[in-house]
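Trainee: Just structure-v2.pdb, nothing more (PDB, C-alpha atoms):
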ATOM      1  CA  MET A 286      37.164  25.613  19.567
ATOM      2  CA  ASP A 287      36.190  26.073  23.198
ATOM      3  CA  ARG A 288      33.562  23.654  24.432
ATOM      4  CA  PRO A 289      30.680  25.253  26.349
ATOM      5  CA  ASN A 290      30.527  24.617  30.090
ATOM      6  CA  TRP A 291      28.050  21.779  30.629
ATOM      7  CA  PHE A 292      26.969  23.159  33.998
ATOM      8  CA  LEU A 293      25.555  26.272  32.313
ATOM      9  CA  HIS A 294      23.050  24.217  30.318
ATOM     10  CA  PRO A 295      19.424  24.706  31.501
ATOM     11  CA  ILE A 296      18.926  20.966  32.014
ATOM     12  CA  ALA A 297      22.105  20.751  34.123
ATOM     13  CA  ILE A 298      21.001  23.741  36.196
ATOM     14  CA  PHE A 299      17.568  22.169  36.693
ATOM     15  CA  VAL A 300      19.050  18.816  37.787
ATOM     16  CA  LEU A 301      21.545  20.485  40.144
ATOM     17  CA  SER A 302      18.744  22.566  41.682
ATOM     18  CA  ILE A 303      16.649  19.454  42.319
ATOM     19  CA  VAL A 304      19.628  17.597  43.805
ATOM     20  CA  ALA A 305      20.534  20.563  46.031
ATOM     21  CA  LEU A 306      16.983  20.897  47.331
ATOM     22  CA  ALA A 307      16.643  17.163  47.949
ATOM     23  CA  MET A 308      20.001  17.070  49.727
ATOM     24  CA  SER A 309      18.958  19.992  51.917
ATOM     25  CA  LEU A 310      15.813  18.119  52.984
ATOM     26  CA  PHE A 311      17.784  14.911  53.566
ATOM     27  CA  LEU A 312      20.461  16.669  55.637
ATOM     28  CA  TYR A 313      17.784  18.412  57.714
ATOM     29  CA  ILE A 314      16.022  15.118  58.508
ATOM     30  CA  HIS A 315      19.363  13.401  59.176
ATOM     31  CA  TRP A 316      20.405  16.215  61.504
ATOM     32  CA  TYR A 317      17.077  16.002  63.353
ATOM     33  CA  VAL A 318      17.363  12.238  63.803
ATOM     34  CA  GLN A 319      20.903  12.570  65.162
ATOM     35  CA  ALA A 320      19.848  15.414  67.467
ATOM     36  CA  SER A 321      16.876  13.366  68.700
ATOM     37  CA  VAL A 322      19.152  10.439  69.554
ATOM     38  CA  GLY A 323      21.400  12.773  71.527
ATOM     39  CA  LEU A 324      18.439  14.334  73.332
ATOM     40  CA  HIS A 325      17.063  10.897  74.275
ATOM     41  CA  THR A 326      20.453  10.027  75.757
ATOM     42  CA  ILE A 327      20.444  13.223  77.823
ATOM     43  CA  ILE A 328      16.844  12.580  78.974
ATOM     44  CA  LYS A 329      17.713   9.085  80.189
ATOM     45  CA  ARG A 330      20.890  10.257  81.915
ATOM     46  CA  PHE A 331      19.254  13.095  83.842
ATOM     47  CA  ASN A 332      15.763  11.518  84.264
ATOM     48  CA  LEU A 333      14.007  14.413  82.534
ATOM     49  CA  GLU A 334      10.462  14.512  81.247
ATOM     50  CA  PRO A 335      10.482  13.927  77.436
ATOM     51  CA  GLY A 336       7.782  16.559  76.934
ATOM     52  CA  GLN A 337      10.064  19.212  78.385
ATOM     53  CA  VAL A 338      12.721  18.588  75.726
ATOM     54  CA  LEU A 339      11.059  16.973  72.710
ATOM     55  CA  SER A 340       8.035  18.468  70.999
ATOM     56  CA  ALA A 341       5.339  16.006  69.944
ATOM     57  CA  ASP A 342       4.510  17.867  66.756
ATOM     58  CA  THR A 343       8.060  17.845  65.384
ATOM     59  CA  TRP A 344       7.272  15.074  62.900
ATOM     60  CA  VAL A 345       4.250  17.024  61.754
ATOM     61  CA  VAL A 346       6.554  19.935  61.005
ATOM     62  CA  ILE A 347       8.826  17.603  59.050
ATOM     63  CA  MET A 348       5.869  16.275  57.048
ATOM     64  CA  VAL A 349       4.685  19.793  56.262
ATOM     65  CA  LEU A 350       8.225  20.764  55.300
ATOM     66  CA  THR A 351       8.430  17.740  53.003
ATOM     67  CA  MET A 352       5.146  18.716  51.348
ATOM     68  CA  LEU A 353       6.397  22.259  50.855
ATOM     69  CA  VAL A 354       9.587  20.958  49.290
ATOM     70  CA  GLY A 355       7.448  18.826  46.980
ATOM     71  CA  VAL A 356       5.467  21.887  45.938
ATOM     72  CA  ILE A 357       8.714  23.759  45.328
ATOM     73  CA  LEU A 358      10.018  20.883  43.205
ATOM     74  CA  LEU A 359       6.785  20.845  41.204
ATOM     75  CA  GLY A 360       7.053  24.599  40.704
ATOM     76  CA  ILE A 361      10.660  24.328  39.547
ATOM     77  CA  PHE A 362       9.711  21.555  37.129
ATOM     78  CA  SER A 363       6.791  23.571  35.744
ATOM     79  CA  ILE A 364       9.011  26.606  35.206
ATOM     80  CA  PHE A 365      11.618  24.395  33.557
ATOM     81  CA  VAL A 366       9.080  22.895  31.113
ATOM     82  CA  TYR A 367       7.627  26.345  30.390
ATOM     83  CA  ASN A 368      11.074  27.752  29.646
ATOM     84  CA  LEU A 369      11.869  24.842  27.329
ATOM     85  CA  LYS A 370       8.644  25.417  25.398
ATOM     86  CA  THR A 371       9.331  29.143  25.261
ATOM     87  CA  LEU A 372      12.841  28.477  23.944
ATOM     88  CA  GLN A 373      11.444  26.096  21.315
ATOM     89  CA  LEU A 374       8.847  28.657  20.247
ATOM     90  CA  TYR A 375      11.540  31.325  20.053
ATOM     91  CA  ARG A 376      13.644  29.125  17.780
ATOM     92  CA  LEU A 377      10.650  28.371  15.558
ATOM     93  CA  GLN A 378       9.767  32.058  15.361
ATOM     94  CA  ASN A 379      13.371  32.921  14.571
ATOM     95  CA  ASN A 380      13.385  30.360  11.758
ATOM     96  CA  PHE A 381      10.071  31.737  10.537
ATOM     97  CA  ILE A 382      11.335  35.331  10.506
ATOM     98  CA  ASN A 383      14.509  34.380   8.659
ATOM     99  CA  ASN A 384      12.681  32.262   6.116
ATOM    100  CA  PHE A 385       9.760  34.650   5.700
ATOM    101  CA  THR A 386      12.161  37.537   5.138
ATOM    102  CA  HIS A 387      13.753  35.471   2.383
ATOM    103  CA  GLU A 388      10.297  34.672   0.953
ATOM    104  CA  LEU A 389       9.540  38.406   0.763
ATOM    105  CA  LYS A 390      12.948  39.579  -0.404
ATOM    106  CA  THR A 391      13.363  37.082  -3.258
ATOM    107  CA  PRO A 392      10.312  38.159  -5.342
ATOM    108  CA  VAL A 393      10.998  41.831  -4.599
ATOM    109  CA  THR A 394      14.567  41.459  -5.873
ATOM    110  CA  SER A 395      13.279  39.619  -8.920
ATOM    111  CA  LEU A 396      10.692  42.324  -9.633
ATOM    112  CA  LYS A 397      13.351  45.018  -9.343
ATOM    113  CA  LEU A 398      15.595  43.175 -11.804
ATOM    114  CA  PHE A 399      12.798  42.801 -14.357
ATOM    115  CA  LEU A 400      11.793  46.463 -14.038
ATOM    116  CA  GLN A 401      15.399  47.562 -14.492
ATOM    117  CA  THR A 402      15.558  45.395 -17.610
ATOM    118  CA  PHE A 403      12.428  47.107 -18.958
ATOM    119  CA  SER A 404      13.853  50.569 -18.264
ATOM    120  CA  ARG A 405      17.299  49.974 -19.797
ATOM    121  CA  HIS A 406      16.579  47.835 -22.843
ATOM    122  CA  GLU A 407      14.265  47.812 -25.820
ATOM    123  CA  LEU A 408      12.495  44.469 -25.690
ATOM    124  CA  SER A 409      10.405  42.685 -28.255
ATOM    125  CA  ARG A 410       6.745  42.090 -27.514
ATOM    126  CA  GLY A 411       7.455  38.412 -26.904
ATOM    127  CA  ASP A 412      10.172  39.166 -24.348
ATOM    128  CA  GLN A 413       7.949  41.751 -22.684
ATOM    129  CA  LEU A 414       5.144  39.219 -22.221
ATOM    130  CA  LYS A 415       7.610  36.658 -20.881
ATOM    131  CA  TYR A 416       8.991  39.046 -18.266
ATOM    132  CA  ILE A 417       5.507  40.261 -17.376
ATOM    133  CA  GLN A 418       4.478  36.667 -16.629
ATOM    134  CA  TYR A 419       7.522  36.326 -14.390
ATOM    135  CA  MET A 420       6.560  39.493 -12.540
ATOM    136  CA  ILE A 421       2.960  38.362 -12.131
ATOM    137  CA  ALA A 422       4.256  35.107 -10.608
ATOM    138  CA  ASP A 423       6.414  37.112  -8.180
ATOM    139  CA  VAL A 424       3.465  39.307  -7.221
ATOM    140  CA  ASP A 425       1.321  36.212  -6.641
ATOM    141  CA  ARG A 426       4.058  34.826  -4.408
ATOM    142  CA  LEU A 427       4.143  38.032  -2.389
ATOM    143  CA  MET A 428       0.351  38.112  -2.095
ATOM    144  CA  ASP A 429       0.291  34.494  -0.958
ATOM    145  CA  ASN A 430       2.756  35.177   1.882
ATOM    146  CA  ILE A 431       0.953  38.345   2.963
ATOM    147  CA  ASP A 432      -2.421  36.602   2.890
ATOM    148  CA  ARG A 433      -1.125  33.824   5.131
ATOM    149  CA  ILE A 434      -0.078  36.314   7.798
ATOM    150  CA  LEU A 435      -3.336  38.272   7.583
ATOM    151  CA  ASN A 436      -5.451  35.117   7.647
ATOM    152  CA  LEU A 437      -3.547  33.799  10.645
ATOM    153  CA  ALA A 438      -4.210  37.040  12.532
ATOM    154  CA  ARG A 439      -7.927  36.926  11.674
ATOM    155  CA  ILE A 440      -8.357  33.310  12.697
ATOM    156  CA  GLU A 441      -6.469  33.574  15.977
ATOM    157  CA  SER A 442      -8.367  36.736  16.911
ATOM    158  CA  LYS A 443     -11.731  35.151  15.914
ATOM    159  CA  ARG A 444     -12.313  37.945  13.374
ATOM    160  CA  PHE A 445     -12.849  35.823  10.296
ATOM    161  CA  VAL A 446     -15.815  36.797   8.152
ATOM    162  CA  GLY A 447     -18.560  34.718   6.605
ATOM    163  CA  GLU A 448     -21.412  32.627   7.886
ATOM    164  CA  PHE A 449     -21.773  28.870   8.059
ATOM    165  CA  VAL A 450     -24.087  27.714   5.296
ATOM    166  CA  THR A 451     -25.154  24.109   4.772
ATOM    167  CA  SER A 452     -23.513  23.057   1.505
ATOM    168  CA  ASP A 453     -22.537  19.989  -0.459
ATOM    169  CA  VAL A 454     -18.840  19.824   0.446
ATOM    170  CA  GLU A 455     -18.010  17.664  -2.570
ATOM    171  CA  GLN A 456     -19.616  20.098  -5.011
ATOM    172  CA  THR A 457     -17.959  22.990  -3.204
ATOM    173  CA  VAL A 458     -14.542  21.395  -3.677
ATOM    174  CA  ARG A 459     -15.182  20.672  -7.360
ATOM    175  CA  ARG A 460     -16.427  24.198  -7.976
ATOM    176  CA  PHE A 461     -13.452  25.751  -6.194
ATOM    177  CA  PHE A 462     -10.804  23.885  -8.195
ATOM    178  CA  ASP A 463     -12.690  24.432 -11.462
ATOM    179  CA  ASN A 464     -12.951  28.186 -10.851
ATOM    180  CA  ASN A 465      -9.335  28.564  -9.679
ATOM    181  CA  ILE A 466      -7.519  26.291 -12.077
ATOM    182  CA  HIS A 467      -5.103  29.140 -12.842
ATOM    183  CA  LEU A 468      -3.738  28.902  -9.286
ATOM    184  CA  PHE A 469      -2.691  25.280  -9.697
ATOM    185  CA  GLN A 470      -1.143  25.177 -13.158
ATOM    186  CA  GLN A 471       2.050  23.615 -11.800
ATOM    187  CA  GLY A 472       0.271  20.291 -11.230
ATOM    188  CA  ARG A 473      -2.867  18.238 -11.716
ATOM    189  CA  ILE A 474      -5.857  17.785  -9.407
ATOM    190  CA  GLU A 475      -8.190  14.786  -9.605
ATOM    191  CA  ILE A 476     -11.398  14.359  -7.617
ATOM    192  CA  GLN A 477     -12.951  11.002  -6.786
ATOM    193  CA  GLY A 478     -16.459  11.604  -5.442
ATOM    194  CA  SER A 479     -18.985   9.526  -3.571
ATOM    195  CA  ARG A 480     -22.145  11.603  -4.083
ATOM    196  CA  ALA A 481     -23.147  10.723  -0.509
ATOM    197  CA  ALA A 482     -25.570  12.834   1.505
ATOM    198  CA  VAL A 483     -23.138  12.667   4.425
ATOM    199  CA  PHE A 484     -21.184  15.546   2.858
ATOM    200  CA  GLN A 485     -24.030  18.023   3.360
ATOM    201  CA  ARG A 486     -22.349  20.133   6.037
ATOM    202  CA  PRO A 487     -22.322  23.681   7.466
ATOM    203  CA  VAL A 488     -19.367  25.391   5.793
ATOM    204  CA  ASN A 489     -17.749  28.785   6.160
ATOM    205  CA  LEU A 490     -16.906  29.231   2.501
ATOM    206  CA  PRO A 491     -13.994  31.756   2.788
ATOM    207  CA  LEU A 492     -12.279  29.660   5.443
ATOM    208  CA  PHE A 493     -12.882  26.385   3.625
ATOM    209  CA  GLU A 494     -11.416  27.795   0.418
ATOM    210  CA  MET A 495      -8.397  28.945   2.433
ATOM    211  CA  LEU A 496      -8.005  25.367   3.694
ATOM    212  CA  LEU A 497      -8.151  23.982   0.144
ATOM    213  CA  ILE A 498      -5.595  26.492  -1.134
ATOM    214  CA  ASN A 499      -3.129  25.617   1.614
ATOM    215  CA  LEU A 500      -3.454  21.857   1.136
ATOM    216  CA  ALA A 501      -3.111  22.075  -2.658
ATOM    217  CA  THR A 502      -0.235  24.560  -2.717
ATOM    218  CA  ASN A 503       1.651  22.565  -0.067
ATOM    219  CA  ALA A 504       1.254  19.394  -2.144
ATOM    220  CA  PHE A 505       2.683  21.114  -5.214
ATOM    221  CA  LYS A 506       5.358  23.067  -3.384
ATOM    222  CA  TYR A 507       6.858  20.045  -1.622
ATOM    223  CA  ASN A 508       6.963  17.886  -4.717
ATOM    224  CA  HIS A 509       9.820  16.689  -6.921
ATOM    225  CA  SER A 510       7.702  14.710  -9.383
ATOM    226  CA  GLN A 511       7.654  15.580 -13.073
ATOM    227  CA  GLU A 512       3.890  15.977 -12.820
ATOM    228  CA  PRO A 513       2.717  16.897  -9.305
ATOM    229  CA  LEU A 514      -0.642  15.287  -8.588
ATOM    230  CA  VAL A 515      -3.239  15.788  -5.865
ATOM    231  CA  THR A 516      -6.100  13.299  -5.662
ATOM    232  CA  VAL A 517      -9.092  14.367  -3.574
ATOM    233  CA  ILE A 518     -11.013  11.298  -2.415
ATOM    234  CA  PHE A 519     -14.434  11.521  -0.775
ATOM    235  CA  GLU A 520     -15.175   8.519   1.429
ATOM    236  CA  SER A 521     -18.434   7.914   3.303
ATOM    237  CA  ASN A 522     -18.923   5.443   6.131
ATOM    238  CA  GLY A 523     -22.450   5.462   7.470
ATOM    239  CA  ARG A 524     -23.074   8.883   8.967
ATOM    240  CA  LYS A 525     -19.382   9.806   8.884
ATOM    241  CA  GLY A 526     -17.411  11.280   6.040
ATOM    242  CA  ARG A 527     -13.746  11.633   5.212
ATOM    243  CA  ILE A 528     -11.948  13.718   2.605
ATOM    244  CA  HIS A 529      -8.461  12.514   1.657
ATOM    245  CA  PHE A 530      -5.943  14.755  -0.088
ATOM    246  CA  LYS A 531      -3.372  12.366  -1.508
ATOM    247  CA  ASP A 532      -0.272  13.670  -3.282
ATOM    248  CA  ASN A 533       2.873  12.287  -4.905
ATOM    249  CA  GLY A 534       5.168  14.729  -3.125
ATOM    250  CA  ILE A 535       8.233  14.347  -0.942
ATOM    251  CA  GLY A 536       6.359  12.780   1.989
ATOM    252  CA  PHE A 537       7.740  12.736   5.532
ATOM    253  CA  GLU A 538       8.897  10.396   8.264
ATOM    254  CA  LYS A 539       6.520   9.161  10.958
ATOM    255  CA  ARG A 540       8.337  11.188  13.599
ATOM    256  CA  GLU A 541       7.158  14.362  11.847
ATOM    257  CA  ILE A 542       3.415  13.592  12.121
ATOM    258  CA  LYS A 543       2.930  15.286  15.492
ATOM    259  CA  LYS A 544       4.970  18.322  14.445
ATOM    260  CA  ILE A 545       3.795  19.307  10.965
ATOM    261  CA  PHE A 546       0.680  21.086  12.222
ATOM    262  CA  ARG A 547       2.635  23.271  14.642
ATOM    263  CA  LYS A 548       2.887  26.974  13.983
ATOM    264  CA  PHE A 549       6.099  27.907  12.106
ATOM    265  CA  TYR A 550       7.211  24.265  11.818
ATOM    266  CA  GLN A 551       8.897  23.326   8.537
ATOM    267  CA  ILE A 552       9.851  19.798   7.559
ATOM    268  CA  GLY A 553      12.666  21.037   5.339
ATOM    269  CA  ARG A 554      14.661  22.409   8.238
ATOM    270  CA  SER A 555      14.624  19.078  10.063
ATOM    271  CA  ASP A 556      15.763  17.029   7.048
ATOM    272  CA  ASN A 557      18.707  19.194   5.952
ATOM    273  CA  MET A 558      16.746  20.412   2.947
ATOM    274  CA  THR A 559      15.907  23.926   1.883
ATOM    275  CA  ALA A 560      12.690  24.774   3.678
ATOM    276  CA  LYS A 561      10.010  26.500   1.685
ATOM    277  CA  GLY A 562       7.119  28.712   2.655
ATOM    278  CA  SER A 563       6.326  30.247   6.005
ATOM    279  CA  GLY A 564       5.513  27.218   8.127
ATOM    280  CA  LEU A 565       1.937  28.444   8.562
ATOM    281  CA  GLY A 566       0.005  26.560   5.873
ATOM    282  CA  LEU A 567      -0.772  23.351   7.758
ATOM    283  CA  TYR A 568      -1.274  25.255  11.007
ATOM    284  CA  LEU A 569      -3.992  27.272   9.259
ATOM    285  CA  VAL A 570      -5.517  24.046   7.913
ATOM    286  CA  GLN A 571      -5.736  22.635  11.427
ATOM    287  CA  GLN A 572      -7.271  25.807  12.862
ATOM    288  CA  ILE A 573      -9.879  26.010  10.088
ATOM    289  CA  ALA A 574     -10.766  22.339  10.584
ATOM    290  CA  ARG A 575     -11.285  22.983  14.296
ATOM    291  CA  ILE A 576     -13.534  25.940  13.564
ATOM    292  CA  HIS A 577     -15.699  23.583  11.467
ATOM    293  CA  LYS A 578     -15.490  20.983  14.289
ATOM    294  CA  TRP A 579     -13.648  18.618  11.960
ATOM    295  CA  LYS A 580     -10.369  16.804  12.547
ATOM    296  CA  VAL A 581      -7.344  16.790  10.264
ATOM    297  CA  SER A 582      -4.667  14.112  10.282
ATOM    298  CA  ALA A 583      -1.642  13.269   8.170
ATOM    299  CA  SER A 584       0.133  10.108   7.103
ATOM    300  CA  SER A 585       3.023   9.127   4.867
ATOM    301  CA  GLU A 586       5.015   5.995   4.115
ATOM    302  CA  GLY A 587       8.255   7.951   4.278
ATOM    303  CA  ASN A 588      10.410  10.406   2.369
ATOM    304  CA  GLY A 589       9.692  10.424  -1.354
ATOM    305  CA  LYS A 590       6.480   8.405  -1.013
ATOM    306  CA  GLY A 591       3.871  11.145  -0.918
ATOM    307  CA  SER A 592       1.491  12.283   1.792
ATOM    308  CA  ILE A 593      -2.162  11.919   2.679
ATOM    309  CA  PHE A 594      -4.024  14.605   4.606
ATOM    310  CA  THR A 595      -7.442  13.536   5.843
ATOM    311  CA  LEU A 596     -10.366  15.667   6.979
ATOM    312  CA  SER A 597     -12.643  13.645   9.255
ATOM    313  CA  LEU A 598     -16.202  14.940   9.480
ATOM    314  CA  PRO A 599     -18.242  14.056  12.589
ATOM    315  CA  PRO A 600     -21.413  11.949  12.242
ATOM    316  CA  VAL A 601     -24.411  13.795  10.856
ATOM    317  CA  LYS A 602     -27.538  13.890  12.965
ATOM    318  CA  LEU A 603     -30.333  11.639  11.820
ATOM    319  CA  GLN A 604     -33.449  13.527  10.818
ATOM    320  CA  VAL A 605     -36.528  12.321  12.682
ATOM    321  CA  PRO A 606     -39.579  12.201  10.359
TER
END
How would this structure read if it were set down as structure tokens?
Mentor:
Amino acid sequence: MDRPNWFLHPIAIFVLSIVALAMSLFLYIHWYVQASVGLHTIIKRFNLEPGQVLSADTWVVIMVLTMLVGVILLGIFSIFVYNLKTLQLYRLQNNFINNFTHELKTPVTSLKLFLQTFSRHELSRGDQLKYIQYMIADVDRLMDNIDRILNLARIESKRFVGEFVTSDVEQTVRRFFDNNIHLFQQGRIEIQGSRAAVFQRPVNLPLFEMLLINLATNAFKYNHSQEPLVTVIFESNGRKGRIHFKDNGIGFEKREIKKIFRKFYQIGRSDNMTAKGSGLGLYLVQQIARIHKWKVSASSEGNGKGSIFTLSLPPVKLQVP
């Protein structure tokens, strides 16, 4: 197999450009110094006035030229970094498109197969109900992927709906999981509360529920345990509050911490595993946390050791009597 030419690599081109520009500046200064030495020799030999031959502002020109070269180098470096980021984003988007297409095509193919089975065969009521449940699961999977794209568009365009209403965040979380237990039948959710007043916060309910759905579904999706478990822990510290979402899933390496909240990023693709989902769930979590002026962080002890996602709430203002 032919090896690619190393000098066509963007980094090689960038380095060669810098070296060429630096060498040009060096050769120009070297040529000027040599020419100046020759001119001084001629001046001494013919007793000429130095001002008639040498210009006093020549070194100023050289300094200005050096500054311009520096600006050019900075511009080249900026363009190089921008192109690298653009290339990285393109690769992430390409991975997203390929994976998202698979996420859409798989349930559609499954639905088509079940419908063909219904049309060609006489099925008992029990088999009908079984296949119907499979189809409902496929429809839910399709709706989940479509909702992620629509929600991302709304959030990034600042067109999300709903007002911020002061609520008890702990009670809101309990109520949400109690009312939507059918969405999380593949695992178990436990809540450890603190009943602290620090969790009285302004909340945009639709966005907050979107955050909870993404954290819970991610914990169950990236989980190889016999019984996936998410433990929601409310922790108060003075006027600050933290909400921990601890799971027993696949976890991740420390090097992934700064990447998992990026748009389209998927841990599975970096660990030679089959990536799942769209790579948007945790990005949406981060954006929703920012809208609430909260911070979200992640930690894990390594692959197979679970993950902890933490929402850090800023200090509440003390009420002056």
Trainee: Restricting the calculation to only C-alpha atoms, which member of A:Gly472, A:Ser321, A:Val349, A:Leu301 is positioned closest to Ile361 in chain A?
Mentor: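 For Ile361 in chain A, the nearest of the candidates is A:Leu301.
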Trainee: Nearest to Thr457 in chain A among A:Leu350, A:Val356, A:Leu497, A:Ile431, with distances taken over all atoms listed in the file: which residue is it?
Mentor: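 Using all atoms listed in the file, the shortest distance to Thr457 in chain A belongs to A:Leu497.
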Trainee: With only C-alpha atoms as the atoms that count, which of A:Glu475, A:Trp579, A:Ala574, A:Leu492 lies nearest to Phe530 in chain A?
Mentor: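 Ranked by minimum distance to Phe530 in chain A, first place goes to A:Glu475.
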Trainee: Quick one: apply the PyMOL selection byres ((chain A and resi 469) around 12) to the file and drop the selected residues here as JSON, numbers by chain.
Mentor: {"A": [461, 462, 463, 464, 465, 466, 467, 468, 470, 471, 472, 473, 474, 475, 497, 498, 499, 500, 501, 502, 503, 504, 505, 506, 512, 513, 514, 515]}
Trainee: Which protein, DNA or RNA residues are at most 7 Å from (-14.3, 14.2, -4.5) in the file's coordinates when you count only C-alpha atoms, listed as a VMD selection string?
Mentor: chain A and resid 455 476 to 479 517 to 519
Trainee: With 4 Å on each side, where is the centre of the axis-aligned box around all listed atoms of range 532-551 of chain A, and how long are its edges in Å to one decimal, as lines of an AutoDock Vina configuration file?
Mentor:
center_x = 4.3
center_y = 18.5
center_z = 5.3
size_x = 17.2
size_y = 26.7
size_z = 28.4
Trainee: Suppose you want the space between CA of Gly523 in chain A and CA of Val483 in chain A; what is it in Å?
Mentor: 7.9 Å
Trainee: Just give me the gap between CA of His315 in chain A and CA of Met348 in chain A in Å, one decimal is fine.
Mentor: 14.0 Å
Trainee: Please identify all polymer residues within 6 Å of Gly534 in chain A, counting only C-alpha atoms, omitting same-chain residues fewer than 4 positions from it, and present them as a PyMOL selection string.
Mentor: chain A and resi 507-508+591
Trainee: What does the distance between CA of Phe311 in chain A and CA of Ala297 in chain A come to in Å, to one decimal place?
Mentor: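 Taking CA of Phe311 in chain A and CA of Ala297 in chain A, their separation equals 20.8 Å.
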Trainee: The PyMOL selection byres ((chain A and resi 570) around 8) - which residues does that actually catch in the file I just gave you? List them as a PDB file with C-alpha atoms, in the coordinates of the input.
Mentor:
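And here is the file that came out, expr31.pdb:
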ATOM      1  CA  MET A 495      -8.397  28.945   2.433  1.00  0.00           C
ATOM      2  CA  LEU A 496      -8.005  25.367   3.694  1.00  0.00           C
ATOM      3  CA  ASN A 499      -3.129  25.617   1.614  1.00  0.00           C
ATOM      4  CA  LEU A 500      -3.454  21.857   1.136  1.00  0.00           C
ATOM      5  CA  GLY A 566       0.005  26.560   5.873  1.00  0.00           C
ATOM      6  CA  LEU A 567      -0.772  23.351   7.758  1.00  0.00           C
ATOM      7  CA  TYR A 568      -1.274  25.255  11.007  1.00  0.00           C
ATOM      8  CA  LEU A 569      -3.992  27.272   9.259  1.00  0.00           C
ATOM      9  CA  GLN A 571      -5.736  22.635  11.427  1.00  0.00           C
ATOM     10  CA  GLN A 572      -7.271  25.807  12.862  1.00  0.00           C
ATOM     11  CA  ILE A 573      -9.879  26.010  10.088  1.00  0.00           C
ATOM     12  CA  ALA A 574     -10.766  22.339  10.584  1.00  0.00           C
ATOM     13  CA  VAL A 581      -7.344  16.790  10.264  1.00  0.00           C
TER      14      VAL A 581
END
Trainee: Please return as a list in words every residue within 9 Å of (-4.5, 12.6, 9.9), taking into account only C-alpha atoms and the file's own coordinates.
Mentor: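 Counting only C-alpha atoms, I find these residues within 9 Å of (-4.5, 12.6, 9.9): Ile542, Lys580, Val581, Ser582, Ala583, Ser584, Ile593, Phe594, Thr595, Leu596 and Ser597 of chain A.
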Trainee: Could you save those same residues with C-alpha atoms as a short mmCIF file (atom, residue, chain, number, x, y, z; two decimals), in the frame of the given file?
Mentor:
data_model
loop_
_atom_site.label_atom_id
_atom_site.label_comp_id
_atom_site.auth_asym_id
_atom_site.auth_seq_id
_atom_site.Cartn_x
_atom_site.Cartn_y
_atom_site.Cartn_z
CA ILE A 542 3.42 13.59 12.12
CA LYS A 580 -10.37 16.80 12.55
CA VAL A 581 -7.34 16.79 10.26
CA SER A 582 -4.67 14.11 10.28
CA ALA A 583 -1.64 13.27 8.17
CA SER A 584 0.13 10.11 7.10
CA ILE A 593 -2.16 11.92 2.68
CA PHE A 594 -4.02 14.60 4.61
CA THR A 595 -7.44 13.54 5.84
CA LEU A 596 -10.37 15.67 6.98
CA SER A 597 -12.64 13.64 9.26
#
Trainee: So, counting all atoms listed in the file, which residue among A:Phe362, A:Phe537, A:Phe493, A:Tyr419 is closest to Gly587 in chain A?
Mentor: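 Once distances to Gly587 in chain A are computed over all atoms listed in the file, the minimum belongs to A:Phe537.
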